[in-house]
>>> print(open('model_26.cif').read())   # mmCIF, C-alpha atoms and all ligand atoms
data_final
#
loop_
_atom_site.label_atom_id
_atom_site.label_comp_id
_atom_site.auth_asym_id
_atom_site.auth_seq_id
_atom_site.Cartn_x
_atom_site.Cartn_y
_atom_site.Cartn_z
CA MET A 166 -225.14 116.08 113.71
CA ASP A 167 -222.72 114.03 115.77
CA THR A 168 -219.53 115.94 116.40
CA SER A 169 -218.42 114.14 119.57
CA VAL A 170 -216.31 111.48 117.85
CA THR A 171 -214.79 114.01 115.50
CA SER A 172 -213.95 116.33 118.38
CA THR A 173 -212.10 113.61 120.26
CA ARG A 174 -210.16 112.55 117.21
CA ARG A 175 -209.26 116.10 116.43
CA ALA A 176 -208.24 117.09 119.93
CA ASP A 177 -204.51 116.83 119.16
CA GLY A 178 -204.87 118.18 115.66
CA THR A 179 -203.59 115.03 113.95
CA ALA A 180 -206.88 114.13 112.34
CA ALA A 181 -207.12 117.68 111.05
CA ALA A 182 -203.71 117.33 109.44
CA LEU A 183 -204.74 114.06 107.80
CA ALA A 184 -207.83 115.62 106.25
CA VAL A 185 -205.56 117.67 103.98
CA ALA A 186 -202.34 115.96 102.88
CA ALA A 187 -200.98 118.67 100.56
CA PRO A 188 -202.08 122.05 101.87
CA ARG A 189 -201.92 125.13 99.69
CA PRO A 190 -199.32 127.76 100.48
CA VAL A 191 -200.16 131.44 100.67
CA GLU A 192 -199.54 133.07 97.31
CA ARG A 193 -199.91 136.62 98.49
CA LEU A 194 -201.05 138.73 101.43
CA VAL A 195 -203.37 141.64 100.74
CA GLN A 196 -204.17 144.57 102.97
CA GLY A 197 -207.59 146.05 102.33
CA GLN A 198 -208.08 149.62 101.15
CA PRO A 199 -209.97 152.06 103.34
CA THR A 200 -212.82 153.63 101.39
CA SER A 201 -216.38 154.73 101.78
CA ASP A 202 -219.52 153.72 99.95
CA GLY A 203 -223.26 154.27 100.13
CA ALA A 204 -224.00 157.47 102.09
CA GLY A 205 -220.54 157.77 103.63
CA VAL A 206 -220.19 154.35 105.26
CA LYS A 207 -216.56 153.74 106.13
CA LEU A 208 -215.33 150.34 105.10
CA THR A 209 -212.31 148.37 103.99
CA ARG A 210 -212.37 146.98 100.48
CA VAL A 211 -210.45 143.74 100.84
CA LEU A 212 -211.16 142.20 97.46
CA THR A 213 -210.72 145.04 94.99
CA GLN A 214 -211.53 145.15 91.30
CA ASN A 215 -207.97 144.26 90.23
CA LEU A 216 -208.32 140.89 92.02
CA GLN A 217 -211.58 139.87 90.34
CA ARG A 218 -209.87 137.76 87.73
CA ARG A 219 -207.55 136.10 90.25
CA LEU A 220 -210.38 135.35 92.68
CA ASP A 221 -213.09 134.53 90.12
CA PRO A 222 -216.03 133.92 90.88
CA PHE A 223 -215.74 136.52 93.69
CA LEU A 224 -216.00 140.15 92.67
CA MET A 225 -215.69 142.08 95.90
CA LEU A 226 -215.28 141.72 99.65
CA ASP A 227 -215.92 144.65 101.94
CA ALA A 228 -215.22 144.49 105.66
CA PHE A 229 -216.94 147.04 107.86
CA GLY A 230 -216.49 147.50 111.57
CA SER A 231 -216.91 150.58 113.72
CA ASP A 232 -218.12 151.66 117.14
CA ALA A 233 -218.73 155.19 115.87
CA ALA A 234 -222.22 155.75 114.50
CA ALA A 235 -220.90 158.48 112.18
CA ASP A 236 -219.02 155.76 110.28
CA TYR A 237 -222.16 153.83 109.36
CA ILE A 238 -225.29 155.84 110.12
CA GLY A 239 -225.76 157.01 106.52
CA GLY A 240 -226.20 153.41 105.40
CA PHE A 241 -226.73 152.44 101.79
CA PRO A 242 -229.85 154.20 100.47
CA ASP A 243 -231.60 152.99 97.30
CA HIS A 244 -229.17 151.74 94.67
CA PRO A 245 -229.33 149.20 91.87
CA HIS A 246 -227.54 145.90 91.17
CA ARG A 247 -227.52 143.58 88.19
CA GLY A 248 -225.70 140.41 87.23
CA PHE A 249 -224.44 138.85 90.49
CA GLU A 250 -225.27 137.99 94.10
CA THR A 251 -224.55 139.88 97.31
CA VAL A 252 -223.90 138.00 100.53
CA THR A 253 -223.98 140.10 103.69
CA TYR A 254 -222.79 138.59 106.95
CA MET A 255 -223.37 140.53 110.16
CA LEU A 256 -221.13 140.06 113.18
CA GLU A 257 -222.50 142.96 115.19
CA GLY A 258 -225.30 145.44 114.71
CA ARG A 259 -228.60 145.53 112.85
CA MET A 260 -229.29 146.46 109.25
CA ARG A 261 -232.60 146.59 107.45
CA HIS A 262 -232.88 145.58 103.83
CA LYS A 263 -235.67 146.57 101.44
CA ASP A 264 -235.77 145.95 97.73
CA SER A 265 -237.82 146.61 94.63
CA ALA A 266 -238.77 142.94 94.37
CA GLY A 267 -240.79 143.46 97.56
CA ASN A 268 -238.37 141.76 99.94
CA GLU A 269 -237.64 143.17 103.35
CA GLY A 270 -235.56 141.77 106.18
CA LEU A 271 -233.68 142.68 109.32
CA LEU A 272 -230.11 141.48 109.60
CA THR A 273 -229.09 140.77 113.20
CA PRO A 274 -225.72 139.66 114.65
CA GLY A 275 -224.74 136.31 113.16
CA ALA A 276 -227.28 136.50 110.32
CA VAL A 277 -226.68 136.29 106.59
CA GLN A 278 -228.57 137.86 103.76
CA TRP A 279 -228.17 136.24 100.37
CA MET A 280 -229.53 138.31 97.51
CA THR A 281 -229.50 137.40 93.85
CA ALA A 282 -229.72 140.64 91.91
CA GLY A 283 -230.17 138.76 88.64
CA ARG A 284 -231.65 141.05 85.99
CA GLY A 285 -231.94 143.81 88.54
CA VAL A 286 -233.07 145.10 91.89
CA ILE A 287 -232.99 148.44 93.60
CA HIS A 288 -232.41 148.06 97.30
CA SER A 289 -231.44 149.86 100.45
CA GLU A 290 -229.37 148.59 103.33
CA MET A 291 -229.84 150.87 106.33
CA PRO A 292 -228.61 150.61 109.93
CA GLU A 293 -231.34 150.02 112.47
CA GLN A 294 -229.39 151.44 115.39
CA GLU A 295 -228.12 154.85 116.32
CA GLU A 296 -225.18 153.76 118.43
CA GLY A 297 -223.07 150.76 119.23
CA ARG A 298 -220.95 148.52 117.08
CA MET A 299 -221.65 147.63 113.46
CA GLU A 300 -219.44 144.94 112.01
CA GLY A 301 -219.61 142.47 109.18
CA PHE A 302 -218.81 141.63 105.58
CA GLN A 303 -220.33 141.96 102.17
CA LEU A 304 -219.18 139.55 99.51
CA TRP A 305 -220.14 139.73 95.83
CA LEU A 306 -220.45 136.40 94.07
CA ASN A 307 -220.64 136.41 90.30
CA LEU A 308 -223.37 134.65 88.35
CA PRO A 309 -222.64 132.63 85.22
CA ALA A 310 -223.61 134.43 81.99
CA LYS A 311 -226.63 132.14 81.59
CA HIS A 312 -228.07 133.29 84.95
CA LYS A 313 -227.20 136.99 85.00
CA MET A 314 -230.68 137.97 83.82
CA ARG A 315 -232.62 135.57 86.04
CA GLN A 316 -235.33 136.77 88.37
CA PRO A 317 -234.11 138.42 91.56
CA TRP A 318 -234.10 136.20 94.62
CA TYR A 319 -233.60 136.79 98.30
CA ARG A 320 -233.10 134.88 101.51
CA ASP A 321 -232.56 135.98 105.08
CA ILE A 322 -230.73 133.33 107.04
CA ARG A 323 -231.24 133.65 110.78
CA PRO A 324 -228.23 133.06 113.04
CA GLU A 325 -229.72 129.83 114.37
CA ASP A 326 -230.16 128.53 110.81
CA ILE A 327 -226.46 128.60 110.03
CA PRO A 328 -225.10 125.11 110.69
CA GLU A 329 -222.07 124.89 112.95
CA TRP A 330 -219.36 122.33 113.50
CA ARG A 331 -217.35 122.23 116.72
CA GLY A 332 -214.21 120.31 117.55
CA GLY A 333 -210.64 120.70 118.74
CA GLY A 334 -211.08 124.30 119.88
CA VAL A 335 -212.70 125.36 116.62
CA THR A 336 -216.20 126.51 115.81
CA ALA A 337 -216.95 126.62 112.11
CA ARG A 338 -220.09 128.39 111.01
CA VAL A 339 -220.90 126.94 107.60
CA ILE A 340 -222.59 129.68 105.61
CA ALA A 341 -222.16 128.01 102.22
CA GLY A 342 -220.68 124.79 100.91
CA HIS A 343 -219.62 121.91 103.13
CA ALA A 344 -217.15 121.54 105.97
CA GLN A 345 -216.40 118.58 108.25
CA GLY A 346 -219.44 116.76 106.91
CA VAL A 347 -221.75 119.68 107.67
CA ALA A 348 -223.83 121.09 104.84
CA GLY A 349 -223.91 124.88 104.90
CA ALA A 350 -226.97 127.10 104.85
CA MET A 351 -226.54 127.78 101.12
CA GLN A 352 -225.40 125.76 98.12
CA ARG A 353 -224.79 127.09 94.64
CA GLU A 354 -224.41 124.74 91.72
CA ASP A 355 -222.35 126.72 89.23
CA THR A 356 -219.62 128.08 91.45
CA GLU A 357 -219.90 125.78 94.49
CA PRO A 358 -219.03 128.58 96.90
CA LEU A 359 -217.58 127.76 100.30
CA TYR A 360 -218.05 130.38 103.01
CA LEU A 361 -216.90 129.55 106.52
CA ASP A 362 -216.60 131.72 109.60
CA LEU A 363 -214.00 130.13 111.86
CA HIS A 364 -213.50 130.83 115.56
CA LEU A 365 -210.26 129.23 116.72
CA GLU A 366 -208.90 128.96 120.23
CA PRO A 367 -205.17 129.62 120.71
CA GLY A 368 -203.14 126.95 118.90
CA ALA A 369 -206.21 125.25 117.41
CA THR A 370 -205.91 123.76 113.93
CA PHE A 371 -208.41 123.41 111.14
CA ALA A 372 -208.16 121.74 107.75
CA GLN A 373 -210.54 122.21 104.85
CA PRO A 374 -210.36 120.22 101.62
CA LEU A 375 -210.50 122.40 98.50
CA PRO A 376 -210.33 121.40 94.83
CA ALA A 377 -207.03 122.77 93.49
CA ALA A 378 -208.79 124.61 90.65
CA HIS A 379 -211.08 126.54 92.99
CA ASN A 380 -209.90 130.03 93.87
CA ALA A 381 -209.68 130.56 97.61
CA PHE A 382 -208.77 133.13 100.21
CA VAL A 383 -208.77 133.59 103.96
CA TYR A 384 -209.48 136.89 105.68
CA VAL A 385 -208.38 137.11 109.31
CA TYR A 386 -210.45 139.55 111.37
CA ARG A 387 -209.23 138.76 114.91
CA GLY A 388 -205.92 137.42 116.14
CA GLU A 389 -203.47 135.70 113.86
CA LEU A 390 -203.28 132.53 111.77
CA LEU A 391 -200.43 130.49 110.44
CA ILE A 392 -201.05 129.08 106.95
CA GLY A 393 -198.07 126.90 106.00
CA GLN A 394 -195.06 129.11 106.74
CA THR A 395 -196.99 132.36 106.43
CA ALA A 396 -198.29 134.29 109.42
CA VAL A 397 -201.51 136.09 108.54
CA ARG A 398 -202.29 138.98 110.83
CA SER A 399 -205.68 140.47 111.57
CA GLN A 400 -207.16 142.49 108.70
CA ARG A 401 -205.09 140.68 106.10
CA MET A 402 -206.37 138.53 103.28
CA ALA A 403 -204.28 135.53 102.30
CA ILE A 404 -204.77 134.45 98.70
CA LEU A 405 -204.17 130.70 98.59
CA ALA A 406 -202.08 129.34 95.72
CA ASN A 407 -203.83 126.96 93.32
CA ALA A 408 -200.87 124.61 93.64
CA ASP A 409 -200.98 121.51 91.42
CA GLY A 410 -201.79 118.47 93.51
CA SER A 411 -202.83 120.50 96.55
CA ASP A 412 -205.97 119.31 98.28
CA GLY A 413 -206.96 122.01 100.72
CA VAL A 414 -205.95 124.54 103.32
CA ALA A 415 -204.59 123.96 106.83
CA LEU A 416 -204.69 126.70 109.44
CA VAL A 417 -203.17 127.06 112.90
CA ALA A 418 -204.34 129.80 115.26
CA GLY A 419 -201.78 132.01 116.98
CA GLU A 420 -201.40 132.60 120.71
CA GLN A 421 -204.40 134.88 120.90
CA GLY A 422 -206.62 132.56 118.89
CA ALA A 423 -208.15 133.79 115.68
CA ARG A 424 -211.33 134.49 113.80
CA ALA A 425 -211.31 134.30 110.05
CA ILE A 426 -213.53 133.76 107.07
CA VAL A 427 -212.56 131.18 104.47
CA ILE A 428 -214.00 131.67 100.99
CA ALA A 429 -213.54 129.49 97.92
CA GLY A 430 -215.32 128.76 94.68
CA ARG A 431 -215.06 127.35 91.20
CA PRO A 432 -214.03 130.03 88.70
CA LEU A 433 -216.49 130.87 85.92
CA ASN A 434 -213.74 131.82 83.44
CA GLU A 435 -216.07 134.23 81.67
CA PRO A 436 -215.38 137.86 80.74
CA ILE A 437 -216.08 140.34 83.55
CA ALA A 438 -217.40 143.81 82.74
CA GLN A 439 -218.14 145.96 85.78
CA TYR A 440 -219.52 149.45 86.07
CA GLY A 441 -220.24 150.24 89.72
CA PRO A 442 -223.14 148.07 90.86
CA PHE A 443 -223.55 146.25 87.53
CA VAL A 444 -221.41 143.24 86.66
CA MET A 445 -221.98 141.69 83.26
CA ASN A 446 -219.85 140.00 80.58
CA THR A 447 -219.62 142.73 77.94
CA ASN A 448 -219.64 146.52 77.76
CA GLN A 449 -222.75 146.34 75.62
CA GLU A 450 -224.55 144.59 78.50
CA ILE A 451 -223.29 147.29 80.87
CA PHE A 452 -224.69 150.06 78.63
CA GLN A 453 -227.97 148.16 78.59
CA ALA A 454 -227.98 147.90 82.40
CA VAL A 455 -227.41 151.64 82.79
CA GLU A 456 -230.13 152.38 80.24
CA ASP A 457 -232.57 149.98 81.91
CA PHE A 458 -231.85 151.58 85.29
CA ARG A 459 -232.37 155.13 83.93
CA ALA A 460 -235.59 154.05 82.26
CA GLY A 461 -236.87 152.58 85.53
CA ARG A 462 -236.76 149.02 84.29
CA LEU A 463 -234.83 147.69 87.28
CA ALA A 464 -237.48 148.54 89.84
FE FE A 501 -226.25 146.90 97.56
#
>>> encode(input="model_26.cif", output="structure tokens", more="lines below")
Ligand code: FE
Amino acid sequence: MDTSVTSTRRADGTAAALAVAAPRPVERLVQGQPTSDGAGVKLTRVLTQNLQRRLDPFLMLDAFGSDAAADYIGGFPDHPHRGFETVTYMLEGRMRHKDSAGNEGLLTPGAVQWMTAGRGVIHSEMPEQEEGRMEGFQLWLNLPAKHKMRQPWYRDIRPEDIPEWRGGGVTARVIAGHAQGVAGAMQREDTEPLYLDLHLEPGATFAQPLPAAHNAFVYVYRGELLIGQTAVRSQRMAILANADGSDGVALVAGEQGARAIVIAGRPLNEPIAQYGPFVMNTNQEIFQAVEDFRAGRLA
């Protein structure tokens, strides 16, 4: 990948501005809700159930980050999922995954685990450290009705296998979708998810084209960003308006620089029925999932 020309062009930020002519404004800022899940893991639920319709096809985003082992040591022992995909992105720390489909993997800093629960898996996600920092995100991506009962699937993406783009004081790790001509580690046909982890130096700018119909949000986890007229502080999610005629998002890092994830995707516009770790289209399908789990048919 040749980024040298791009970097030079983007050094003053003008090329970045040109890449998106009509940037989306921020529709709303959201502060995550502190909660705990699994065996007492403290986390912040950023995308909560009441935002599932607005941010379709995304169902959940949890941010976790702690230096205290007591906050994460319990991990997530065996539990089931059906009907969607989980995408875990580690910034710090090590987590081991095992599932009933026979997959096992160790998540290390900078790695991503992409798991398609499909018709069902039972898995555990357990810390493989007794001290030190554990930080990262788990995103739930919905599956279209036609794929909810597909076979489970799993991929561990090593840190070095996540393509990066660098230019103008920005490093973009392209986990899914495309950015600046770089194809991400994962592509998904139905929802075309975009998942970027951006590291911006103070004052750096970044522009990302986005189809106006795709739902999109930015979660800042270090420093501060300016999106249009809206300052987005650390630990805030900015929901981007689906403004008619808009063609993307433009970001400017604050004085301290910023780190943020940018997530977007094409909405499925299908009914969403969720009961805990099962996300289907109807209540009947939820009852079936619970029954299948109790009868041992998910393992
Ligand atoms: Fe899980």
>>> closest_residue(input="model_26.cif", among="A:Leu208, A:Ile437, A:Ala423, A:Leu220", to="Pro309 in chain A", atoms="all atoms listed in the file")
A:Ile437
>>> residues_near_ligand(input="model_26.cif", ligand="ligand FE 501 (chain A)", cutoff="8 Å", atoms="only C-alpha atoms and all ligand atoms", output="MDAnalysis selection string")
chainID A and resid 241 244:246 251 287:290 442
>>> atom_distance(input="model_26.cif", atom1="CA of Glu293 in chain A", atom2="CA of Pro199 in chain A")
23.3 Å
>>> residues_around(input="model_26.cif", residues="Pro324 in chain A", least_positions_apart="6", cutoff="8 Å", atoms="only C-alpha atoms", output="ChimeraX atom specification")
/A:273-277
>>> atom_distance(input="model_26.cif", atom1="CA of Thr209 in chain A", atom2="CA of Thr253 in chain A")
14.3 Å
>>> residues_around(input="model_26.cif", residues="His379 in chain A", least_positions_apart="6", cutoff="9 Å", atoms="all atoms listed in the file", output="PyMOL selection string")
chain A and resi 220-221+356-357+407+429-432
>>> closest_atom_pairs(input="model_26.cif", of="range 317-414 of chain A", to="range 226-237 of chain A", cutoff="10 Å", atoms="all atoms listed in the file", output="JSON lines")
{"residue": "A:Tyr384", "atom": "CA", "partner": "A:Ala228", "partner_atom": "CA", "distance": 9.5}
{"residue": "A:Tyr386", "atom": "CA", "partner": "A:Ala228", "partner_atom": "CA", "distance": 8.9}
{"residue": "A:Gln400", "atom": "CA", "partner": "A:Ala228", "partner_atom": "CA", "distance": 8.8}
>>> closest_residue(input="model_26.cif", among="A:Pro242, A:Pro328, A:Gly368, A:Gly333", to="Met351 in chain A", atoms="only C-alpha atoms")
A:Pro328
>>> residues_around(input="model_26.cif", residues="Asn268 in chain A", least_positions_apart="6", cutoff="9 Å", atoms="all atoms listed in the file", output="PyMOL selection string")
chain A and resi 262+318-320
